[in-house]
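Colleague: To start, I am sharing the structure in question, which I have written as structure tokens.
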Amino acid sequence: MRFLLDDEQREFARSLDAMLTAAGTPSVVRAWGAGDHGPGRALWARLAKAGVFALAVPEAYEGVGPLPVELALTFMELGRHAAPGPLVETVAASALLSVVGGPPAKEWLPRLACGTASATLRLDGPYALDADVADAVFTVRGEELWLAAGPGAFRASADPARRLFSPDHGGTLLARGAHVAEGARIAADWAAFATAAQAVGVGEALLRFTVEYVKQRTQFGAAIGSFQAVKHRLADTLTGLEFARPLVYGAAVSLAEGAARAGADVAAAKLAAGGAAYASARTALQLHGAVGYTEELDLALWLRKARPLRDAWGTPGACRARVLAG
């Protein structure tokens with residue numbers, strides 16, 4: 001099968017890139033990591049106006065989706081610009097509520113679609129991202145869906161803009177039954193898928209920064225980008241990203257078609273994308289040298305994302321096991 005984006009999809013990606021560039025996301029990320037959510041909320045509103053969150057919500061609940069290909073494009077751009085917030089988790093919560101249905105879906109999905117509410121969730125893991133700023137913190141325990149009473153205890157992450165919390169037990173029971181467990185499984189697949197796309201974007205941004213830098217930095221009277229060893233390292237990094245991107249698109253097609261292997265395809269995409277982003281971060285740090293360790297350099301904002309994204313919503317080991325299980 002040959003997969004090509006159409007003109008409308010390409011234009012959508014270009015418009016997101018232009019909007020995020022104009023938003024000056026590095027300053028937004030720094031503010032978010034410092035606990036100032038104002039700029040991030042303003043960016044969230046702009047993303048909602050562009051229809052980003054409606055892509056994950058069915059038409060029955062005032063969305064336009066689910067449209068996984070468009071979501072892949074969206075999260076690649078969000079990764080390239082390091083946009084903060086529970087973006088992945090809001091998409092996953094939309095998938096969860098779409099399966100659960102009933103009053104919780106009717107109450108929350110229209111709000112998530114138009115961006116007037118944000119959500120985060122905890123499924124199997126101990127933490128929920130940005131639970132202090134999300135309007136809804138959903139937790140699944142077996143076959144029960146709960147709306148947490150509070151964000152819970154805070155734990156620092158390797159990425160200051162990824163704020164982790166352990167939601168409080170208790171709260172409001174929203175639904176119970178086998179459909180909740182099924183919704184949680186589907187939500188985890190969508191979260192892994194969106195994270196994979198985000199990781200590709202982060203990796204591409206890191207590679208772009210590095211290519212620009214090696215053209216400027218000189219040793220022995222020549223730009224280090226002209227050295228064969230540097231070229232090989234950059235080529236290997238690019239190859240990893242180029243292999244990961246079609247796997248993300250393939251996972252999007254599988255999700256759109258409801259294929260039986262959709263979960264395995266998502267895991268393969270997550271494995272490749274997370275590894276490629278992490279390799280891109282290692283390349284960027286090595287070729288930037290000591291300056292790459294400085295917090296003042298915007299590069300650090302992307303460097304800090306690569307490792308957490310590699311492990312979020314499916315570690316490499318878990319993804320390998322899912323692929324082998326089919």
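Quick note on naming: the chains in the structure tokens go A, B, ... in the order shown, residues restart at 1 in each chain, and ligands are numbered from 1 in order of appearance.
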Apply DSSP to the structure's backbone, then extract all residues of range 14-248 of chain A labelled strand (DSSP E) and return them as a count of residues only.

Modeller: 31

Colleague: Which residues in range 225-267 of chain A does DSSP call alpha helix (DSSP H)? List them as a PyMOL selection string.

Modeller: chain A and resi 228-257+262-267

Colleague: Could you turn the residues from that selection into a file that holds C-alpha atoms, as a short mmCIF file (atom, residue, chain, number, x, y, z; two decimals), in the first residue's frame?

Modeller:
```cif
data_model
loop_
_atom_site.label_atom_id
_atom_site.label_comp_id
_atom_site.auth_asym_id
_atom_site.auth_seq_id
_atom_site.Cartn_x
_atom_site.Cartn_y
_atom_site.Cartn_z
CA GLN A 228 32.91 12.56 7.93
CA ALA A 229 32.25 11.22 11.44
CA VAL A 230 29.75 14.01 12.09
CA LYS A 231 28.02 13.41 8.77
CA HIS A 232 27.66 9.72 9.55
CA ARG A 233 26.20 10.42 12.99
CA LEU A 234 23.65 12.83 11.52
CA ALA A 235 22.78 10.43 8.73
CA ASP A 236 22.13 7.62 11.21
CA THR A 237 19.89 9.93 13.22
CA LEU A 238 17.94 10.96 10.14
CA THR A 239 17.54 7.33 9.08
CA GLY A 240 16.00 6.43 12.42
CA LEU A 241 13.46 9.23 12.15
CA GLU A 242 12.66 8.43 8.53
CA PHE A 243 11.94 4.81 9.48
CA ALA A 244 9.77 5.86 12.44
CA ARG A 245 7.54 8.31 10.58
CA PRO A 246 5.88 5.79 8.21
CA LEU A 247 5.30 3.44 11.14
CA VAL A 248 3.34 6.24 12.84
CA TYR A 249 1.29 6.79 9.69
CA GLY A 250 0.78 3.04 9.38
CA ALA A 251 -0.52 2.93 12.95
CA ALA A 252 -2.86 5.80 12.09
CA VAL A 253 -4.30 3.85 9.16
CA SER A 254 -4.73 0.76 11.35
CA LEU A 255 -6.58 2.79 13.98
CA ALA A 256 -8.77 4.41 11.34
CA GLU A 257 -9.71 1.02 9.90
CA ALA A 262 -3.89 -1.82 15.48
CA GLY A 263 -2.45 -2.23 18.98
CA ALA A 264 0.63 -4.01 17.68
CA ASP A 265 1.10 -1.42 14.94
CA VAL A 266 0.88 1.35 17.52
CA ALA A 267 3.45 -0.42 19.69
#
```

Colleague: Residues of range 157-196 of chain A that approach range 13-33 of chain A to 12 Å or less, counting only C-alpha atoms: could you list each one with the shortest pair of atoms and its distance in Å to one decimal, rows by chain and increasing residue number, as a tab-separated table?

Modeller:
```
residue	atom	partner	partner_atom	distance
A:Ser157	CA	A:Gly33	CA	10.1
A:Ala158	CA	A:Gly33	CA	11.0
A:Asp159	CA	A:Gly33	CA	8.1
A:Pro160	CA	A:Gly33	CA	4.8
A:Ala161	CA	A:Gly33	CA	4.1
A:Arg162	CA	A:Gly33	CA	7.4
A:Arg163	CA	A:Gly33	CA	7.6
A:Leu164	CA	A:Gly33	CA	11.3
```

Colleague: Which residue, A:Ala290, A:Ala131, A:Ala191, A:Ala273, has the smallest gap to Trp313 in chain A when you use only C-alpha atoms?

Modeller: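 Once distances to Trp313 in chain A are computed over only C-alpha atoms, the minimum belongs to A:Ala191.
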
Colleague: Just want the 7 Å neighbourhood of Gly203 in chain A, counted on only C-alpha atoms, with same-chain residues fewer than 4 positions away dropped. Output as a VMD selection string.

Modeller: chain A and resid 199 207 276 to 277 280 to 281

Colleague: Next, the residues of the selection above should be written as a PDB file, in the first residue's frame with N, CA and C atoms.

Modeller:
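In the end it all went to selection-v2.pdb:
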```
ATOM      1  N   ALA A 199       6.998  12.187  19.644  1.00  0.00           N
ATOM      2  CA  ALA A 199       8.420  11.855  19.718  1.00  0.00           C
ATOM      3  C   ALA A 199       9.108  12.079  18.376  1.00  0.00           C
ATOM      4  N   LEU A 207      17.258  17.239  15.541  1.00  0.00           N
ATOM      5  CA  LEU A 207      18.147  17.061  14.389  1.00  0.00           C
ATOM      6  C   LEU A 207      18.330  18.382  13.646  1.00  0.00           C
ATOM      7  N   ALA A 276      14.104   6.633  18.102  1.00  0.00           N
ATOM      8  CA  ALA A 276      14.668   7.619  17.182  1.00  0.00           C
ATOM      9  C   ALA A 276      14.819   8.979  17.860  1.00  0.00           C
ATOM     10  N   ALA A 277      13.822   9.373  18.649  1.00  0.00           N
ATOM     11  CA  ALA A 277      13.901  10.653  19.360  1.00  0.00           C
ATOM     12  C   ALA A 277      15.038  10.646  20.375  1.00  0.00           C
ATOM     13  N   SER A 280      18.268  10.908  18.604  1.00  0.00           N
ATOM     14  CA  SER A 280      18.451  12.276  18.137  1.00  0.00           C
ATOM     15  C   SER A 280      18.934  13.176  19.272  1.00  0.00           C
ATOM     16  N   ALA A 281      18.409  12.941  20.477  1.00  0.00           N
ATOM     17  CA  ALA A 281      18.843  13.723  21.637  1.00  0.00           C
ATOM     18  C   ALA A 281      20.311  13.442  21.958  1.00  0.00           C
TER      19      ALA A 281
END
```

Colleague: Mind checking which residues fall within 8 Å of Ala268 in chain A, counting only C-alpha atoms, ignoring those fewer than 6 positions away in the same chain, and posting them as JSON, numbers by chain?

Modeller: {"A": [247, 319, 320, 323]}

Colleague: For range 180-188 of chain A, find every residue with an atom within 8 Å (counting only C-alpha atoms), except residues of its own chain fewer than 6 positions away, and show them as a list in words.

Modeller: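 So, after excluding close chain neighbours, the residues are Ala92, Ala93, Ser94, Ala95, Leu96, Leu97, Ser98, Val99, Val100, Leu123, Val140, Gly142, Glu143, Glu144, Leu145 and Trp313 of chain A.
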
Colleague: Using all heavy atoms, can you export the residues from the last selection as an mmCIF file, in the first residue's frame?

Modeller:
```cif
data_model
loop_
_atom_site.group_PDB
_atom_site.id
_atom_site.type_symbol
_atom_site.label_atom_id
_atom_site.label_comp_id
_atom_site.auth_asym_id
_atom_site.auth_seq_id
_atom_site.Cartn_x
_atom_site.Cartn_y
_atom_site.Cartn_z
ATOM 1 N N ALA A 92 -6.378 10.798 24.770
ATOM 2 C CA ALA A 92 -6.643 9.473 25.327
ATOM 3 C C ALA A 92 -7.938 9.462 26.134
ATOM 4 O O ALA A 92 -8.713 8.496 26.069
ATOM 5 C CB ALA A 92 -5.469 9.037 26.198
ATOM 6 N N ALA A 93 -8.179 10.520 26.898
ATOM 7 C CA ALA A 93 -9.418 10.603 27.666
ATOM 8 C C ALA A 93 -10.624 10.654 26.739
ATOM 9 O O ALA A 93 -11.677 10.064 27.038
ATOM 10 C CB ALA A 93 -9.389 11.843 28.564
ATOM 11 N N SER A 94 -10.477 11.325 25.602
ATOM 12 C CA SER A 94 -11.574 11.372 24.628
ATOM 13 C C SER A 94 -11.872 9.975 24.093
ATOM 14 O O SER A 94 -13.039 9.593 23.927
ATOM 15 C CB SER A 94 -11.202 12.311 23.473
ATOM 16 O OG SER A 94 -11.035 13.642 23.933
ATOM 17 N N ALA A 95 -10.810 9.197 23.824
ATOM 18 C CA ALA A 95 -11.004 7.823 23.361
ATOM 19 C C ALA A 95 -11.683 6.974 24.430
ATOM 20 O O ALA A 95 -12.583 6.169 24.136
ATOM 21 C CB ALA A 95 -9.662 7.215 22.968
ATOM 22 N N LEU A 96 -11.255 7.152 25.667
ATOM 23 C CA LEU A 96 -11.848 6.397 26.775
ATOM 24 C C LEU A 96 -13.332 6.709 26.918
ATOM 25 O O LEU A 96 -14.178 5.801 26.986
ATOM 26 C CB LEU A 96 -11.104 6.743 28.065
ATOM 27 C CG LEU A 96 -11.708 6.246 29.378
ATOM 28 C CD1 LEU A 96 -11.729 4.729 29.427
ATOM 29 C CD2 LEU A 96 -10.917 6.797 30.565
ATOM 30 N N LEU A 97 -13.682 7.975 26.955
ATOM 31 C CA LEU A 97 -15.067 8.378 27.156
ATOM 32 C C LEU A 97 -15.942 7.992 25.968
ATOM 33 O O LEU A 97 -17.139 7.714 26.132
ATOM 34 C CB LEU A 97 -15.145 9.880 27.398
ATOM 35 C CG LEU A 97 -14.516 10.370 28.711
ATOM 36 C CD1 LEU A 97 -14.464 11.888 28.745
ATOM 37 C CD2 LEU A 97 -15.278 9.838 29.913
ATOM 38 N N SER A 98 -15.363 7.966 24.775
ATOM 39 C CA SER A 98 -16.130 7.568 23.595
ATOM 40 C C SER A 98 -16.596 6.130 23.702
ATOM 41 O O SER A 98 -17.678 5.772 23.217
ATOM 42 C CB SER A 98 -15.281 7.749 22.333
ATOM 43 O OG SER A 98 -14.939 9.107 22.139
ATOM 44 N N VAL A 99 -15.782 5.281 24.328
ATOM 45 C CA VAL A 99 -16.163 3.880 24.522
ATOM 46 C C VAL A 99 -17.117 3.739 25.703
ATOM 47 O O VAL A 99 -18.107 3.000 25.635
ATOM 48 C CB VAL A 99 -14.908 3.012 24.746
ATOM 49 C CG1 VAL A 99 -15.303 1.577 25.074
ATOM 50 C CG2 VAL A 99 -14.013 3.044 23.520
ATOM 51 N N VAL A 100 -16.852 4.451 26.771
ATOM 52 C CA VAL A 100 -17.689 4.352 27.967
ATOM 53 C C VAL A 100 -19.096 4.874 27.698
ATOM 54 O O VAL A 100 -20.098 4.284 28.108
ATOM 55 C CB VAL A 100 -17.038 5.118 29.135
ATOM 56 C CG1 VAL A 100 -17.992 5.210 30.320
ATOM 57 C CG2 VAL A 100 -15.747 4.440 29.552
ATOM 58 N N LEU A 123 -4.095 5.266 34.027
ATOM 59 C CA LEU A 123 -4.605 3.923 33.754
ATOM 60 C C LEU A 123 -3.815 2.922 34.588
ATOM 61 O O LEU A 123 -4.108 2.704 35.739
ATOM 62 C CB LEU A 123 -4.519 3.624 32.260
ATOM 63 C CG LEU A 123 -5.311 4.592 31.356
ATOM 64 C CD1 LEU A 123 -5.152 4.220 29.895
ATOM 65 C CD2 LEU A 123 -6.779 4.627 31.749
ATOM 66 N N VAL A 140 -8.755 4.927 36.087
ATOM 67 C CA VAL A 140 -9.428 3.643 35.863
ATOM 68 C C VAL A 140 -8.835 2.628 36.817
ATOM 69 O O VAL A 140 -7.616 2.450 36.882
ATOM 70 C CB VAL A 140 -9.265 3.173 34.405
ATOM 71 C CG1 VAL A 140 -9.857 1.775 34.231
ATOM 72 C CG2 VAL A 140 -9.938 4.143 33.448
ATOM 73 N N GLY A 142 -9.450 -1.249 37.395
ATOM 74 C CA GLY A 142 -10.152 -2.445 36.947
ATOM 75 C C GLY A 142 -11.259 -2.086 35.976
ATOM 76 O O GLY A 142 -11.003 -1.603 34.874
ATOM 77 N N GLU A 143 -12.500 -2.285 36.405
ATOM 78 C CA GLU A 143 -13.655 -1.969 35.559
ATOM 79 C C GLU A 143 -14.409 -0.746 36.067
ATOM 80 O O GLU A 143 -15.587 -0.561 35.757
ATOM 81 C CB GLU A 143 -14.594 -3.182 35.492
ATOM 82 C CG GLU A 143 -13.972 -4.387 34.798
ATOM 83 C CD GLU A 143 -14.958 -5.513 34.595
ATOM 84 O OE1 GLU A 143 -16.050 -5.474 35.213
ATOM 85 O OE2 GLU A 143 -14.662 -6.436 33.805
ATOM 86 N N GLU A 144 -13.715 0.121 36.788
ATOM 87 C CA GLU A 144 -14.355 1.325 37.316
ATOM 88 C C GLU A 144 -13.650 2.580 36.812
ATOM 89 O O GLU A 144 -12.421 2.655 36.816
ATOM 90 C CB GLU A 144 -14.334 1.317 38.853
ATOM 91 C CG GLU A 144 -15.161 0.217 39.481
ATOM 92 C CD GLU A 144 -15.128 0.270 41.002
ATOM 93 O OE1 GLU A 144 -14.236 0.940 41.558
ATOM 94 O OE2 GLU A 144 -15.991 -0.364 41.631
ATOM 95 N N LEU A 145 -14.452 3.544 36.390
ATOM 96 C CA LEU A 145 -13.946 4.848 35.961
ATOM 97 C C LEU A 145 -14.306 5.884 37.019
ATOM 98 O O LEU A 145 -15.480 6.056 37.355
ATOM 99 C CB LEU A 145 -14.554 5.240 34.616
ATOM 100 C CG LEU A 145 -14.254 6.667 34.129
ATOM 101 C CD1 LEU A 145 -12.750 6.856 33.901
ATOM 102 C CD2 LEU A 145 -15.031 6.983 32.855
ATOM 103 N N TRP A 313 3.688 5.951 28.206
ATOM 104 C CA TRP A 313 2.644 5.182 27.517
ATOM 105 C C TRP A 313 3.218 3.997 26.738
ATOM 106 O O TRP A 313 2.830 3.743 25.608
ATOM 107 C CB TRP A 313 1.819 6.088 26.616
ATOM 108 C CG TRP A 313 1.047 7.108 27.379
ATOM 109 C CD1 TRP A 313 1.289 8.454 27.442
ATOM 110 C CD2 TRP A 313 -0.082 6.870 28.218
ATOM 111 N NE1 TRP A 313 0.384 9.066 28.277
ATOM 112 C CE2 TRP A 313 -0.480 8.114 28.765
ATOM 113 C CE3 TRP A 313 -0.807 5.720 28.567
ATOM 114 C CZ2 TRP A 313 -1.547 8.249 29.640
ATOM 115 C CZ3 TRP A 313 -1.883 5.847 29.443
ATOM 116 C CH2 TRP A 313 -2.242 7.103 29.961
#
```

Colleague: So how far away is CA of Gly150 in chain A from CA of Ala136 in chain A, in Å?

Modeller: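 Taking CA of Ala136 in chain A and CA of Gly150 in chain A, their separation equals 9.1 Å.
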
Colleague: A:Tyr127, A:Trp190, A:Phe165, A:Phe3: which is nearest Val88 in chain A, counting only C-alpha atoms?

Modeller: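 Among the listed residues, the smallest separation from Val88 in chain A belongs to A:Trp190.
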
Colleague: For Gly292 in chain A, which residue among A:Ala318, A:Thr210, A:Cys114, A:Leu47 is the nearest when counting only C-alpha atoms?

Modeller: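 Closest to Gly292 in chain A, using only C-alpha atoms: A:Thr210.
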
Colleague: Grab the CA of Ala321 in chain A to CA of Leu271 in chain A distance for me, in Å with one decimal place.

Modeller: 10.5 Å

Colleague: As number ranges by chain, please: the residues near Asp135 in chain A (cut-off 12 Å, only C-alpha atoms, same-chain neighbours under 2 positions excluded).

Modeller: A: 41, 85-86, 89-90, 93, 108, 111-112, 115-121, 130-133, 137-138, 147-151

Colleague: Could you work out how far CA of Gln9 in chain A lies from CA of Val69 in chain A, giving the answer in Å with one decimal?

Modeller: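 According to the coordinates, CA of Val69 in chain A and CA of Gln9 in chain A are separated by 8.5 Å.
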
Colleague: Which polymer residues have any atom within 10 Å of an atom of Tyr213 in chain A, counting only C-alpha atoms, with same-chain residues fewer than 6 positions away left out, as a PyMOL selection string?

Modeller: chain A and resi 207+223-225+284+287-288
